[in-house]
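Structure file final-v3.txt (compact mmCIF, C-alpha atoms and all ligand atoms) is printed below.
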```
# COMPACT_ATOMS: atom_id res chain seq x y z
CA MET A 1083 0.00 0.00 0.00
CA TYR A 1084 2.83 2.40 -0.83
CA ALA A 1085 1.96 5.71 -2.45
CA PRO A 1086 4.64 8.13 -3.60
CA PRO A 1087 5.36 10.92 -1.13
CA THR A 1088 3.43 14.13 -1.67
CA PRO A 1089 5.70 17.17 -1.56
CA PRO A 1090 5.17 18.92 1.79
CA SER A 1091 4.40 22.27 0.24
CA SER A 1092 0.85 23.42 0.85
CA GLY A 1093 -0.67 24.33 4.18
CA PRO A 1094 0.63 24.22 7.75
CA ASP A 1095 -0.35 20.57 8.20
CA ALA A 1096 1.50 19.34 5.14
CA SER A 1097 4.18 17.65 7.25
CA MET A 1098 1.47 15.45 8.75
CA LEU A 1099 0.05 14.45 5.37
CA TYR A 1100 2.95 13.15 3.32
CA ARG A 1101 3.96 9.53 3.28
CA THR A 1102 7.57 8.57 3.56
CA MET A 1103 9.82 5.52 3.54
CA GLU A 1104 12.10 7.14 6.10
CA PRO A 1105 11.69 6.94 9.88
CA ARG A 1106 10.03 10.11 11.12
CA PRO A 1107 10.88 11.50 14.54
CA ASP A 1108 7.52 13.31 14.65
CA TRP A 1109 5.67 10.05 13.97
CA PRO A 1110 6.98 7.18 16.10
CA VAL A 1111 4.28 4.73 15.04
CA ALA A 1112 5.04 2.69 11.92
CA ARG A 1113 2.85 0.31 9.95
CA GLU A 1114 3.43 -3.23 8.81
CA GLY A 1115 0.53 -4.07 6.51
CA ALA A 1116 -2.59 -3.64 8.63
CA LEU A 1117 -0.58 -3.59 11.89
CA ILE A 1118 0.78 -0.63 13.79
CA VAL A 1119 4.31 -1.10 15.15
CA PHE A 1120 5.79 1.04 17.91
CA SER A 1121 8.34 0.95 20.70
CA LYS A 1122 7.08 0.69 24.25
CA GLY A 1123 6.61 4.09 25.84
CA VAL A 1124 6.45 6.25 22.71
CA PRO A 1125 3.69 8.88 22.60
CA PHE A 1126 1.18 8.41 19.80
CA PRO A 1127 0.68 11.26 17.32
CA PRO A 1128 -2.49 13.22 18.21
CA PHE A 1129 -4.74 11.55 15.64
CA CYS A 1130 -7.54 9.05 16.15
CA VAL A 1131 -6.18 5.50 15.74
CA LYS A 1132 -9.51 4.50 14.22
CA CYS A 1133 -9.97 7.14 11.52
CA GLY A 1134 -7.00 9.51 11.55
CA ALA A 1135 -9.08 12.59 12.49
CA ASP A 1136 -7.81 15.02 15.12
CA ALA A 1137 -7.91 13.29 18.49
CA SER A 1138 -9.89 14.86 21.32
CA ALA A 1139 -8.60 12.58 24.08
CA THR A 1140 -6.45 9.56 24.76
CA VAL A 1141 -7.58 6.30 26.31
CA ARG A 1142 -5.08 4.38 28.43
CA ALA A 1143 -4.99 0.77 27.30
CA LYS A 1144 -3.17 -2.11 28.96
CA LEU A 1145 -2.12 -4.47 26.20
CA GLN A 1146 -1.18 -8.04 26.97
CA TRP A 1147 0.09 -10.74 24.66
CA HIS A 1148 1.61 -14.20 24.80
CA SER A 1149 2.67 -16.75 22.23
CA PRO A 1150 -0.36 -18.54 20.74
CA TRP A 1151 1.35 -21.86 21.64
CA LEU A 1152 0.39 -21.17 25.24
CA TYR A 1153 -3.26 -21.87 24.37
CA LEU A 1154 -2.28 -25.56 24.19
CA LEU A 1155 -2.24 -25.46 28.00
CA ILE A 1156 -6.03 -25.03 27.95
CA VAL A 1157 -6.19 -28.76 27.12
CA PRO A 1158 -4.77 -29.93 30.50
CA GLY A 1159 -6.67 -27.20 32.29
CA VAL A 1160 -7.93 -23.65 32.04
CA ILE A 1161 -6.43 -22.78 35.43
CA ILE A 1162 -2.98 -24.06 34.40
CA TYR A 1163 -3.26 -21.93 31.26
CA ALA A 1164 -4.39 -18.87 33.23
CA ILE A 1165 -1.48 -19.13 35.68
CA ALA A 1166 1.08 -19.64 32.92
CA ALA A 1167 -0.39 -16.79 30.86
CA SER A 1168 -0.24 -14.40 33.80
CA ILE A 1169 3.45 -15.26 34.29
CA VAL A 1170 4.76 -15.26 30.74
CA SER A 1171 2.58 -12.61 29.07
CA GLU A 1172 4.31 -9.50 27.80
CA ARG A 1173 2.58 -6.25 28.71
CA ALA A 1174 2.55 -2.71 27.37
CA GLU A 1175 0.62 0.33 28.49
CA VAL A 1176 -0.25 2.88 25.85
CA ALA A 1177 -2.29 6.09 25.57
CA LEU A 1178 -4.36 5.69 22.42
CA PRO A 1179 -5.70 8.87 20.79
CA LEU A 1180 -9.35 8.88 19.72
CA CYS A 1181 -11.50 11.50 17.98
CA GLU A 1182 -14.71 12.65 19.65
CA ALA A 1183 -16.89 10.35 17.50
CA HIS A 1184 -14.91 7.19 18.23
CA ARG A 1185 -14.49 8.11 21.90
CA SER A 1186 -18.23 8.60 22.45
CA ARG A 1187 -19.05 5.45 20.45
CA ARG A 1188 -16.77 3.49 22.78
CA ILE A 1189 -18.33 5.04 25.90
CA LYS A 1190 -21.83 4.21 24.59
CA LEU A 1191 -20.89 0.54 24.01
CA LEU A 1192 -19.32 0.28 27.48
CA THR A 1193 -22.44 1.87 29.00
CA VAL A 1194 -24.69 -0.59 27.15
CA ALA A 1195 -22.55 -3.47 28.45
CA TRP A 1196 -22.78 -2.26 32.05
CA VAL A 1197 -26.54 -1.63 31.87
CA ALA A 1198 -27.10 -5.05 30.27
CA ALA A 1199 -24.99 -6.74 32.96
CA LEU A 1200 -26.85 -5.01 35.79
CA ALA A 1201 -30.26 -5.61 34.18
CA SER A 1202 -29.52 -9.31 33.64
CA ILE A 1203 -28.95 -9.67 37.39
CA ALA A 1204 -31.57 -7.22 38.63
CA THR A 1205 -34.48 -8.45 36.48
CA PRO A 1206 -34.60 -12.06 37.81
CA VAL A 1207 -33.98 -10.88 41.37
CA ALA A 1208 -36.82 -8.38 41.12
CA THR A 1209 -39.13 -10.89 39.40
CA LEU A 1210 -38.48 -13.64 41.93
CA SER A 1211 -38.89 -11.30 44.87
CA LEU A 1212 -42.22 -10.09 43.46
CA SER A 1213 -43.55 -13.61 42.77
CA PRO A 1214 -41.84 -16.16 45.04
CA THR A 1215 -44.34 -18.83 43.95
CA GLY A 1216 -43.54 -18.56 40.23
CA SER A 1217 -43.78 -21.60 37.97
CA SER A 1218 -40.71 -23.81 37.41
CA ASP A 1219 -40.49 -22.76 33.74
CA ASN A 1220 -40.21 -19.21 34.89
CA GLY A 1221 -37.56 -20.22 37.42
CA ALA A 1222 -35.37 -21.87 34.78
CA LEU A 1223 -35.62 -18.80 32.59
CA MET A 1224 -34.75 -16.59 35.53
CA CYS A 1225 -31.64 -18.69 36.16
CA ALA A 1226 -30.57 -18.64 32.50
CA LEU A 1227 -31.13 -14.93 32.00
CA PRO A 1228 -28.27 -13.71 34.23
CA LEU A 1229 -25.80 -16.12 32.58
CA VAL A 1230 -26.80 -15.25 29.03
CA GLY A 1231 -27.05 -11.57 29.89
CA MET A 1232 -23.66 -11.46 31.58
CA LEU A 1233 -22.04 -13.33 28.69
CA GLY A 1234 -23.57 -10.92 26.16
CA ALA A 1235 -22.57 -7.93 28.26
CA LEU A 1236 -19.03 -9.27 28.60
CA ILE A 1237 -18.70 -9.71 24.84
CA VAL A 1238 -20.12 -6.23 24.11
CA GLY A 1239 -17.85 -4.76 26.79
CA ILE A 1240 -14.71 -6.48 25.52
CA VAL A 1241 -15.36 -5.85 21.83
CA GLY A 1242 -16.63 -2.30 22.37
CA GLY A 1243 -13.93 -1.35 24.84
CA ARG A 1244 -11.03 -2.68 22.85
CA ILE A 1245 -9.34 -0.16 20.60
CA VAL A 1246 -6.39 -2.16 19.27
CA THR A 1247 -5.45 -5.81 19.79
CA PRO A 1248 -1.80 -6.73 20.28
CA THR A 1249 -0.47 -9.39 17.89
CA PHE A 1250 3.09 -9.31 19.31
CA ILE A 1251 4.83 -7.76 22.31
CA ASP A 1252 8.38 -8.26 23.53
CA SER A 1253 10.58 -6.23 25.88
CA ARG A 1254 10.83 -3.43 23.34
CA VAL A 1255 8.32 -3.56 20.48
CA VAL A 1256 4.53 -3.73 20.27
CA LYS A 1257 2.56 -4.76 17.17
CA ALA A 1258 -1.20 -4.39 17.15
CA LYS A 1259 -4.14 -4.72 14.81
CA GLY A 1260 -7.30 -2.65 14.87
CA ALA A 1261 -6.02 0.74 13.76
CA GLY A 1262 -8.14 2.30 10.99
CA ALA A 1263 -7.00 3.03 7.45
CA GLY A 1264 -7.12 6.78 8.12
CA PHE A 1265 -4.44 6.36 10.79
CA LEU A 1266 -2.44 3.63 9.01
CA ASP A 1267 -2.16 5.75 5.85
CA ARG A 1268 -0.28 8.36 7.86
CA CYS A 1269 2.23 5.88 9.29
CA PRO A 1270 5.58 5.27 7.60
CA PRO A 1271 6.35 1.60 6.84
CA SER A 1272 8.33 -0.18 9.53
CA HIS A 1273 11.01 -1.45 7.14
ZN ZN B 1 -12.01 8.58 14.91
```

Let's see the structure in the file written out as structure tokens.
Ligand SMILES: [Zn+2]
Amino acid sequence: MYAPPTPPSSGPDASMLYRTMEPRPDWPVAREGALIVFSKGVPFPPFCVKCGADASATVRAKLQWHSPWLYLLIVPGVIIYAIAASIVSERAEVALPLCEAHRSRRIKLLTVAWVAALASIATPVATLSLSPTGSSDNGALMCALPLVGMLGALIVGIVGGRIVTPTFIDSRVVKAKGAGAGFLDRCPPSH
């Protein structure tokens, strides 16, 4: 997806618009195909990672990654996997810039997830307390609702809250997918 560099001639923002094959000190995030690549601790340029528009805020994200081979430990036991993953996972904390539209969309999804989680618990509790002699069919539904509701809320919360997903982290470098084309197009290639 390489396009020839546009001469940085017109307008005060021209330096932010050209594409280059050279490393840019003002733009420490590179791209590798659809991935963003950056060193741990670098500040992101002030543009939304989803669309490339001016960012209105940053969201602190704790990224965590481990080798996919580790998932094999789920076979002997989920707890063994969870312990191993917590020990060997590489972590990176990053402040991700978002524009107002993407920031409020994320907040809305997280709010929906929280309301759904609370409602899935509160509704059966309220229903059972109002009719303690409810039928058994009703009781089964009231038991299933919190589980299904919590699962749905968890998925909405995780998917809606996530901005980028790490595909590799070591002691120095982070690679992540999920950045939008508008942001990726501004990033110089990593090689
Ligand atoms: Zn945006």

- Would you list the residues that come within 8 Å of ligand ZN 1 (chain B)? Count only C-alpha atoms and all ligand atoms and give the answer as a ChimeraX atom specification. /A:1129-1137,1180-1185

- Task: Return the single residue from A:Ala1261, A:Ile1189, A:Val1124, A:Ile1162 that is closest to A:Ile1245, with distances computed using all atoms listed in the file.
- Result: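 Of the candidates, the smallest distance to A:Ile1245 is held by A:Ala1261.
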
- Task: May I have the residues within 8 Å of A:Val1238 as a ChimeraX atom specification, using all atoms listed in the file and disregarding those fewer than 5 positions away in the same chain?
- Result: /A:1191-1192,1194-1195,1243

- Query: What does the distance between atom CA of A:Val1176 and atom CA of A:Ala1116 come to in Å, to one decimal place?
  - Reply: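 We find that atom CA of A:Val1176 and atom CA of A:Ala1116 lie 18.6 Å from each other.
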
- Query: So which residues touch stretch 1199-1211 of chain A within 12 Å, counting all atoms listed in the file, skipping near sequence neighbours fewer than 6 positions away, as a PyMOL selection string?
  - Reply: chain A and resi 1192-1193+1217-1218+1220-1239

- Note on the structure: Nearest to A:Pro1179, restricted to only C-alpha atoms and choosing among A:Val1246, A:Leu1212, A:Leu1145, A:Val1255, comes out as A:Val1246
